[in-house]
>>> print(open('run-v5.txt').read())   # compact mmCIF, C-alpha atoms and all ligand atoms
# COMPACT_ATOMS: atom_id res chain seq x y z
CA MET A 26 -30.86 8.58 19.43
CA ARG A 27 -34.25 6.91 19.19
CA LYS A 28 -34.14 3.61 17.33
CA LEU A 29 -34.67 4.21 13.61
CA PRO A 30 -37.08 2.15 11.50
CA GLU A 31 -35.13 -0.72 10.01
CA ALA A 32 -35.34 0.40 6.36
CA LEU A 33 -33.91 3.76 7.35
CA SER A 34 -31.19 2.47 9.63
CA ALA A 35 -30.06 0.07 6.89
CA VAL A 36 -29.37 3.04 4.59
CA VAL A 37 -27.88 5.17 7.37
CA ASP A 38 -25.50 2.35 8.38
CA GLN A 39 -24.24 2.02 4.81
CA LEU A 40 -23.93 5.75 4.18
CA SER A 41 -22.06 6.36 7.43
CA ARG A 42 -19.26 4.16 6.08
CA LEU A 43 -18.59 6.66 3.28
CA PRO A 44 -15.49 8.84 3.53
CA GLY A 45 -16.39 12.11 5.25
CA PHE A 46 -19.71 10.75 6.53
CA GLY A 47 -20.64 10.11 10.13
CA PRO A 48 -23.95 8.82 11.55
CA LYS A 49 -25.43 12.35 11.61
CA SER A 50 -24.62 13.30 8.02
CA ALA A 51 -25.69 9.81 6.90
CA LEU A 52 -29.07 10.37 8.52
CA ARG A 53 -29.36 13.80 6.89
CA ALA A 54 -28.60 12.28 3.47
CA ALA A 55 -31.07 9.43 3.99
CA MET A 56 -33.78 11.93 5.00
CA THR A 57 -33.00 13.95 1.86
CA PHE A 58 -33.59 10.83 -0.29
CA LEU A 59 -36.94 10.43 1.40
CA ARG A 60 -37.90 14.01 0.67
CA TRP A 61 -37.01 13.71 -3.01
CA PRO A 62 -39.75 12.83 -5.52
CA GLU A 63 -40.02 9.05 -5.56
CA GLY A 64 -38.68 8.74 -9.12
CA GLU A 65 -35.46 10.51 -8.24
CA THR A 66 -34.78 8.35 -5.21
CA ARG A 67 -35.42 5.23 -7.28
CA ARG A 68 -33.08 6.48 -10.02
CA LEU A 69 -30.32 6.94 -7.46
CA GLY A 70 -30.89 3.42 -6.18
CA ALA A 71 -30.79 2.01 -9.71
CA ALA A 72 -27.64 3.98 -10.53
CA ILE A 73 -25.85 2.50 -7.50
CA TYR A 74 -27.08 -0.93 -8.54
CA ASP A 75 -25.71 -0.37 -12.06
CA LEU A 76 -22.30 0.50 -10.65
CA ARG A 77 -21.82 -3.13 -9.75
CA ASP A 78 -23.77 -4.50 -12.67
CA LYS A 79 -22.34 -2.54 -15.57
CA LEU A 80 -18.87 -1.50 -14.49
CA HIS A 81 -15.93 -3.83 -14.31
CA LEU A 82 -12.17 -3.62 -14.36
CA CYS A 83 -10.42 -3.41 -17.73
CA ALA A 84 -8.52 -6.66 -18.23
CA HIS A 85 -5.50 -4.75 -19.54
CA CYS A 86 -5.06 -1.76 -17.23
CA GLY A 87 -7.41 -2.34 -14.31
CA ALA A 88 -9.37 0.91 -14.83
CA LEU A 89 -13.09 1.00 -14.20
CA THR A 90 -14.88 0.68 -17.50
CA ASP A 91 -18.13 -0.36 -19.11
CA VAL A 92 -16.37 -1.78 -22.18
CA ASN A 93 -13.52 -4.27 -22.09
CA PRO A 94 -10.76 -3.44 -22.93
CA CYS A 95 -11.38 0.16 -21.88
CA SER A 96 -11.48 2.98 -24.45
CA LEU A 97 -7.97 4.08 -23.49
CA CYS A 98 -6.38 0.63 -23.92
CA SER A 99 -8.10 0.14 -27.26
CA ASP A 100 -7.20 3.61 -28.56
CA PRO A 101 -4.81 3.08 -31.53
CA ALA A 102 -3.37 6.58 -30.99
CA ARG A 103 -1.85 5.60 -27.62
CA SER A 104 1.76 4.51 -27.61
CA ARG A 105 2.21 0.82 -26.76
CA ASP A 106 5.84 1.33 -25.81
CA MET A 107 5.31 3.04 -22.46
CA LEU A 108 3.44 1.72 -19.46
CA CYS A 109 2.70 4.00 -16.52
CA VAL A 110 2.08 2.11 -13.28
CA THR A 111 -0.13 3.87 -10.73
CA ALA A 112 -1.39 2.82 -7.32
CA ASP A 113 -5.03 3.61 -7.99
CA TRP A 114 -7.52 4.82 -10.53
CA ASP A 115 -7.57 8.37 -9.12
CA SER A 116 -3.85 8.70 -9.81
CA MET A 117 -4.33 7.54 -13.37
CA LEU A 118 -7.09 10.13 -13.82
CA SER A 119 -4.82 12.89 -12.45
CA ILE A 120 -2.08 12.02 -14.95
CA GLU A 121 -4.58 11.63 -17.77
CA GLU A 122 -6.14 15.03 -17.03
CA GLY A 123 -2.73 16.61 -17.51
CA GLY A 124 -2.87 15.57 -21.17
CA PHE A 125 0.93 15.18 -21.47
CA TYR A 126 1.13 11.37 -21.42
CA SER A 127 0.22 9.28 -24.43
CA GLY A 128 1.20 5.77 -23.34
CA LEU A 129 -0.81 3.10 -21.56
CA TYR A 130 -1.46 2.49 -17.88
CA PHE A 131 -1.42 -0.26 -15.36
CA ILE A 132 -3.34 0.27 -12.12
CA LEU A 133 -2.11 -1.78 -9.21
CA GLY A 134 -5.18 -1.33 -7.03
CA GLY A 135 -3.05 -0.61 -3.96
CA LEU A 136 0.63 -0.53 -3.13
CA PRO A 137 2.38 -3.87 -2.90
CA ALA A 138 4.18 -4.28 0.41
CA ALA A 139 7.16 -6.42 1.18
CA THR A 140 6.12 -9.14 3.59
CA ALA A 141 8.24 -10.45 6.43
CA GLY A 142 9.77 -13.11 4.23
CA GLY A 143 10.99 -10.47 1.78
CA ARG A 144 8.47 -11.55 -0.80
CA ASP A 145 5.94 -9.33 -2.44
CA ASP A 146 2.28 -10.15 -2.31
CA GLY A 147 -0.81 -9.23 -4.29
CA ALA A 148 -2.30 -11.07 -7.24
CA ASP A 149 -2.15 -7.98 -9.44
CA LEU A 150 1.62 -8.27 -9.64
CA GLU A 151 1.17 -11.42 -11.65
CA ARG A 152 -1.03 -9.46 -14.02
CA LEU A 153 1.74 -6.89 -14.30
CA ASP A 154 4.26 -9.67 -15.06
CA GLU A 155 2.06 -10.83 -17.92
CA ARG A 156 1.60 -7.29 -19.11
CA ILE A 157 5.33 -6.68 -19.54
CA THR A 158 6.25 -10.08 -20.92
CA GLY A 159 3.68 -10.48 -23.67
CA GLY A 160 3.48 -7.05 -25.24
CA ASP A 161 5.48 -4.22 -26.77
CA VAL A 162 6.31 -2.42 -23.53
CA GLY A 163 9.79 -0.87 -23.65
CA GLU A 164 9.58 1.43 -20.65
CA VAL A 165 7.73 1.28 -17.37
CA VAL A 166 7.21 4.53 -15.47
CA LEU A 167 6.48 3.93 -11.80
CA ALA A 168 4.18 6.76 -10.74
CA LEU A 169 3.42 5.76 -7.19
CA GLY A 170 4.05 9.01 -5.34
CA ALA A 171 6.55 10.23 -2.79
CA THR A 172 5.40 8.48 0.37
CA VAL A 173 7.62 5.99 2.21
CA GLU A 174 5.26 3.18 1.19
CA ALA A 175 5.41 4.29 -2.44
CA GLU A 176 9.19 4.29 -2.44
CA GLN A 177 9.31 0.82 -0.93
CA ALA A 178 6.81 -0.37 -3.50
CA GLU A 179 8.89 1.16 -6.29
CA SER A 180 12.05 -0.70 -5.24
CA LEU A 181 10.10 -3.90 -4.92
CA LEU A 182 8.46 -3.50 -8.30
CA SER A 183 11.58 -2.43 -10.16
CA ALA A 184 13.48 -5.47 -8.81
CA ARG A 185 10.63 -7.73 -9.79
CA LEU A 186 10.28 -6.25 -13.28
CA ARG A 187 14.04 -6.32 -13.78
CA ARG A 188 14.14 -10.05 -12.99
CA ARG A 189 11.54 -10.75 -15.63
CA ARG A 190 12.66 -8.31 -18.29
CA PRO A 191 16.34 -7.35 -17.86
CA ASP A 192 16.11 -5.19 -20.99
CA LEU A 193 13.20 -3.07 -19.72
CA ARG A 194 13.71 0.65 -19.10
CA ILE A 195 12.33 1.46 -15.66
CA SER A 196 11.87 4.98 -14.38
CA ARG A 197 10.07 6.79 -11.60
CA LEU A 198 8.57 10.25 -11.39
CA ALA A 199 11.10 12.97 -10.57
CA GLN A 200 11.04 13.98 -6.94
CA GLY A 201 9.66 17.46 -7.61
CA ILE A 202 6.52 16.35 -5.86
CA ASN A 203 6.44 17.02 -2.15
CA LEU A 204 7.43 14.35 0.27
CA SER A 205 4.57 12.19 1.44
CA GLN A 206 2.37 13.25 -1.46
CA GLU A 207 0.23 10.81 -3.34
CA VAL A 208 0.03 11.11 -7.12
CA ARG A 209 -3.72 11.68 -7.13
CA PHE A 210 -3.27 14.89 -5.11
CA VAL A 211 -0.46 16.38 -7.19
CA ASP A 212 -1.31 19.33 -9.41
CA ARG A 213 -1.09 19.06 -13.17
CA ASP A 214 2.02 21.19 -13.77
CA THR A 215 4.03 19.40 -11.11
CA LEU A 216 2.95 16.06 -12.55
CA ARG A 217 3.96 17.12 -16.04
CA GLN A 218 7.39 18.21 -14.76
CA SER A 219 7.95 15.05 -12.75
CA PHE A 220 7.02 12.99 -15.80
CA LYS A 221 9.35 14.94 -18.06
CA TYR A 222 12.27 14.64 -15.66
CA ARG A 223 11.50 11.11 -14.57
CA GLN A 224 14.50 9.30 -13.15
CA SER A 225 15.88 6.11 -14.55
CA LEU A 226 16.07 3.25 -12.04
CA GLU A 227 19.18 1.11 -12.33
ZN ZN A 301 -7.73 -0.41 -19.98
>>> encode(input="run-v5.txt", output="C-alpha cells")
Amino acid sequence: MRKLPEALSAVVDQLSRLPGFGPKSALRAAMTFLRWPEGETRRLGAAIYDLRDKLHLCAHCGALTDVNPCSLCSDPARSRDMLCVTADWDSMLSIEEGGFYSGLYFILGGLPAATAGGRDDGADLERLDERITGGDVGEVVLALGATVEAEQAESLLSARLRRRRPDLRISRLAQGINLSQEVRFVDRDTLRQSFKYRQSLE
C-alpha cells in the first residue's frame, strides 16, 4: 500500500488495534470519518476524549461510571448483604440485564491467576479484601464463568475470602452454563437459573 499521510496513518494504526478491525477496515473507517460533515467527525473525536476525561472506575464495584460511587452502588434499594464477583464489566451488565439480582457487584477487571509460588496476584484482590471486611456482606457469589481459568480463579478467591472472613457464605454459579463459557456470553434465562441454583463452596 502507498504510504498514507501521517495524520491518516495515525488514525488507521489506532483503529486497526480494535477487536474485529484489520488495516483495511481501519482505513475504511478513517475514510468514512473524513467524508462525514466536519462537525460530526469532531464530535466523535470529542466523545472519545471524554471517555478518558469523564469516566472512571467506581471506587466500590469497579464499574465504569461518571459519578462515584456509581448509581448502582448508591442505590438504597439494592441489598447490601450479597456481593456478586464478576471478571469484567460486560459480565456484570449481562447479569444486571437479567433483572433477577438485587445485590451489589465487585468487578475484578480480569481473572486472578495463581503464580508459580502459589500466591495470587493482582491489586484488585486487596480491594476485594477491604470490600468484604468493612461492610455488611454476608454472601459472595463468584460469577466467573465455566472456563478452566475461571474455575481456578474461583478456588483461589474462595480460599482467600475464607481466610479473611471464615463466616462468609461463598457460592458459585450453578454449572448449567456450558463448559468454557464466559458469563458475558451466557443468555439471560441460563444466567437466572445458574444464579438461583448457585452452589455453596465449602
Ligand atoms: Zn459501583
>>> closest_atom_pairs(input="run-v5.txt", of="chain A", to="ligand ZN 301 (chain A)", cutoff="9 Å", atoms="all atoms listed in the file", output="CSV")
residue,atom,partner,partner_atom,distance
A:Leu82,CA,A:ZN301,ZN,7.8
A:Cys83,CA,A:ZN301,ZN,4.6
A:Ala84,CA,A:ZN301,ZN,6.5
A:His85,CA,A:ZN301,ZN,4.9
A:Cys86,CA,A:ZN301,ZN,4.1
A:Gly87,CA,A:ZN301,ZN,6.0
A:Ala88,CA,A:ZN301,ZN,5.6
A:Leu89,CA,A:ZN301,ZN,8.0
A:Thr90,CA,A:ZN301,ZN,7.6
A:Asn93,CA,A:ZN301,ZN,7.3
A:Pro94,CA,A:ZN301,ZN,5.2
A:Cys95,CA,A:ZN301,ZN,4.2
A:Ser96,CA,A:ZN301,ZN,6.7
A:Leu97,CA,A:ZN301,ZN,5.7
A:Cys98,CA,A:ZN301,ZN,4.3
A:Ser99,CA,A:ZN301,ZN,7.3
A:Leu129,CA,A:ZN301,ZN,7.9
A:Tyr130,CA,A:ZN301,ZN,7.2
A:Phe131,CA,A:ZN301,ZN,7.8
>>> residues_around(input="run-v5.txt", residues="range 205-216 of chain A", least_positions_apart="2", cutoff="6 Å", atoms="only C-alpha atoms", output="list in words")
Asp115, Ser116, Ser119, Gly123, Gly170, Ala171, Thr172, Asn203, Gln218 and Ser219 of chain A
>>> atom_distance(input="run-v5.txt", atom1="CA of Leu59 in chain A", atom2="CA of Asp75 in chain A")
20.6 Å
>>> atom_distance(input="run-v5.txt", atom1="CA of Ile195 in chain A", atom2="CA of Leu181 in chain A")
12.2 Å
>>> closest_residue(input="run-v5.txt", among="A:Ile120, A:Ile132, A:Leu150, A:Leu108", to="Val162 in chain A", atoms="all atoms listed in the file")
A:Leu108
>>> residues_near_point(input="run-v5.txt", point="(10.5, 7.4, -7.9)", cutoff="12 Å", atoms="only C-alpha atoms", output="number ranges by chain")
A: 110-111, 165-183, 195-204, 206-208, 219-220, 222-227
>>> axis_aligned_box(input="run-v5.txt", around="range 192-198 of chain A", padding_each_side="3 Å", output="AutoDock Vina command-line options")
--center_x 12.3 --center_y 2.5 --center_z -16.2 --size_x 13.5 --size_y 21.4 --size_z 15.6
>>> residues_around(input="run-v5.txt", residues="Gln39 in chain A", least_positions_apart="3", cutoff="12 Å", atoms="all atoms listed in the file", output="PDB file with C-alpha atoms, keeping the file's coordinate frame")
ATOM      1  CA  ALA A  32     -35.340   0.400   6.360  1.00  0.00           C
ATOM      2  CA  LEU A  33     -33.910   3.760   7.350  1.00  0.00           C
ATOM      3  CA  SER A  34     -31.190   2.470   9.630  1.00  0.00           C
ATOM      4  CA  ALA A  35     -30.060   0.070   6.890  1.00  0.00           C
ATOM      5  CA  VAL A  36     -29.370   3.040   4.590  1.00  0.00           C
ATOM      6  CA  ARG A  42     -19.260   4.160   6.080  1.00  0.00           C
ATOM      7  CA  LEU A  43     -18.590   6.660   3.280  1.00  0.00           C
ATOM      8  CA  PRO A  44     -15.490   8.840   3.530  1.00  0.00           C
ATOM      9  CA  PHE A  46     -19.710  10.750   6.530  1.00  0.00           C
ATOM     10  CA  GLY A  47     -20.640  10.110  10.130  1.00  0.00           C
ATOM     11  CA  PRO A  48     -23.950   8.820  11.550  1.00  0.00           C
ATOM     12  CA  SER A  50     -24.620  13.300   8.020  1.00  0.00           C
ATOM     13  CA  ALA A  51     -25.690   9.810   6.900  1.00  0.00           C
ATOM     14  CA  LEU A  52     -29.070  10.370   8.520  1.00  0.00           C
ATOM     15  CA  ALA A  54     -28.600  12.280   3.470  1.00  0.00           C
ATOM     16  CA  ALA A  55     -31.070   9.430   3.990  1.00  0.00           C
TER      17      ALA A  55
END
>>> atom_distance(input="run-v5.txt", atom1="CA of Asp154 in chain A", atom2="CA of Arg188 in chain A")
10.1 Å
>>> closest_residue(input="run-v5.txt", among="A:Arg60, A:Arg190, A:Arg77, A:Lys221", to="Leu153 in chain A", atoms="all atoms listed in the file")
A:Arg190
>>> build_atoms(input="run-v5.txt", residues="range 55-83 of chain A", atoms="N, CA and C atoms", output="mmCIF file, in the frame of the given file")
data_model
loop_
_atom_site.group_PDB
_atom_site.id
_atom_site.type_symbol
_atom_site.label_atom_id
_atom_site.label_comp_id
_atom_site.auth_asym_id
_atom_site.auth_seq_id
_atom_site.Cartn_x
_atom_site.Cartn_y
_atom_site.Cartn_z
ATOM 1 N N ALA A 55 -29.970 10.385 4.141
ATOM 2 C CA ALA A 55 -31.070 9.430 3.990
ATOM 3 C C ALA A 55 -32.418 10.175 4.023
ATOM 4 N N MET A 56 -32.531 11.160 4.913
ATOM 5 C CA MET A 56 -33.780 11.930 5.000
ATOM 6 C C MET A 56 -33.995 12.736 3.718
ATOM 7 N N THR A 57 -32.893 13.215 3.125
ATOM 8 C CA THR A 57 -33.000 13.950 1.860
ATOM 9 C C THR A 57 -33.565 13.035 0.769
ATOM 10 N N PHE A 58 -33.060 11.782 0.719
ATOM 11 C CA PHE A 58 -33.590 10.830 -0.290
ATOM 12 C C PHE A 58 -35.084 10.650 -0.120
ATOM 13 N N LEU A 59 -35.510 10.638 1.130
ATOM 14 C CA LEU A 59 -36.940 10.430 1.400
ATOM 15 C C LEU A 59 -37.775 11.634 0.975
ATOM 16 N N ARG A 60 -37.152 12.809 1.050
ATOM 17 C CA ARG A 60 -37.900 14.010 0.670
ATOM 18 C C ARG A 60 -37.956 14.204 -0.836
ATOM 19 N N TRP A 61 -37.009 13.587 -1.549
ATOM 20 C CA TRP A 61 -37.010 13.710 -3.010
ATOM 21 C C TRP A 61 -38.282 13.106 -3.601
ATOM 22 N N PRO A 62 -38.664 13.542 -4.823
ATOM 23 C CA PRO A 62 -39.750 12.830 -5.520
ATOM 24 C C PRO A 62 -39.344 11.362 -5.681
ATOM 25 N N GLU A 63 -40.319 10.485 -5.598
ATOM 26 C CA GLU A 63 -40.020 9.050 -5.560
ATOM 27 C C GLU A 63 -39.132 8.603 -6.727
ATOM 28 N N GLY A 64 -39.423 9.158 -7.933
ATOM 29 C CA GLY A 64 -38.680 8.740 -9.120
ATOM 30 C C GLY A 64 -37.189 9.017 -8.985
ATOM 31 N N GLU A 65 -36.875 10.143 -8.380
ATOM 32 C CA GLU A 65 -35.460 10.510 -8.240
ATOM 33 C C GLU A 65 -34.740 9.568 -7.286
ATOM 34 N N THR A 66 -35.386 9.269 -6.182
ATOM 35 C CA THR A 66 -34.780 8.350 -5.210
ATOM 36 C C THR A 66 -34.565 6.977 -5.853
ATOM 37 N N ARG A 67 -35.555 6.538 -6.624
ATOM 38 C CA ARG A 67 -35.420 5.230 -7.280
ATOM 39 C C ARG A 67 -34.292 5.238 -8.308
ATOM 40 N N ARG A 68 -34.162 6.386 -9.024
ATOM 41 C CA ARG A 68 -33.080 6.480 -10.020
ATOM 42 C C ARG A 68 -31.706 6.381 -9.353
ATOM 43 N N LEU A 69 -31.582 7.022 -8.183
ATOM 44 C CA LEU A 69 -30.320 6.940 -7.460
ATOM 45 C C LEU A 69 -30.024 5.486 -7.069
ATOM 46 N N GLY A 70 -31.055 4.818 -6.568
ATOM 47 C CA GLY A 70 -30.890 3.420 -6.180
ATOM 48 C C GLY A 70 -30.452 2.574 -7.369
ATOM 49 N N ALA A 71 -31.115 2.790 -8.517
ATOM 50 C CA ALA A 71 -30.790 2.010 -9.710
ATOM 51 C C ALA A 71 -29.378 2.322 -10.194
ATOM 52 N N ALA A 72 -28.967 3.601 -10.074
ATOM 53 C CA ALA A 72 -27.640 3.980 -10.530
ATOM 54 C C ALA A 72 -26.565 3.296 -9.690
ATOM 55 N N ILE A 73 -26.815 3.187 -8.376
ATOM 56 C CA ILE A 73 -25.850 2.500 -7.500
ATOM 57 C C ILE A 73 -25.814 1.013 -7.863
ATOM 58 N N TYR A 74 -26.972 0.471 -8.128
ATOM 59 C CA TYR A 74 -27.080 -0.930 -8.540
ATOM 60 C C TYR A 74 -26.269 -1.174 -9.815
ATOM 61 N N ASP A 75 -26.416 -0.243 -10.778
ATOM 62 C CA ASP A 75 -25.710 -0.370 -12.060
ATOM 63 C C ASP A 75 -24.201 -0.310 -11.907
ATOM 64 N N LEU A 76 -23.752 0.412 -10.872
ATOM 65 C CA LEU A 76 -22.300 0.500 -10.650
ATOM 66 C C LEU A 76 -21.687 -0.883 -10.611
ATOM 67 N N ARG A 77 -22.363 -1.784 -9.889
ATOM 68 C CA ARG A 77 -21.820 -3.130 -9.750
ATOM 69 C C ARG A 77 -22.165 -4.005 -10.945
ATOM 70 N N ASP A 78 -23.275 -3.658 -11.586
ATOM 71 C CA ASP A 78 -23.770 -4.500 -12.670
ATOM 72 C C ASP A 78 -23.076 -4.209 -13.986
ATOM 73 N N LYS A 79 -22.814 -2.927 -14.239
ATOM 74 C CA LYS A 79 -22.340 -2.540 -15.570
ATOM 75 C C LYS A 79 -20.878 -2.171 -15.620
ATOM 76 N N LEU A 80 -20.277 -1.870 -14.464
ATOM 77 C CA LEU A 80 -18.870 -1.500 -14.490
ATOM 78 C C LEU A 80 -18.016 -2.684 -14.087
ATOM 79 N N HIS A 81 -16.890 -2.829 -14.767
ATOM 80 C CA HIS A 81 -15.930 -3.830 -14.310
ATOM 81 C C HIS A 81 -14.537 -3.291 -14.556
ATOM 82 N N LEU A 82 -13.541 -4.068 -14.191
ATOM 83 C CA LEU A 82 -12.170 -3.620 -14.360
ATOM 84 C C LEU A 82 -11.657 -4.028 -15.731
ATOM 85 N N CYS A 83 -11.017 -3.100 -16.434
ATOM 86 C CA CYS A 83 -10.420 -3.410 -17.730
ATOM 87 C C CYS A 83 -9.370 -4.506 -17.543
#
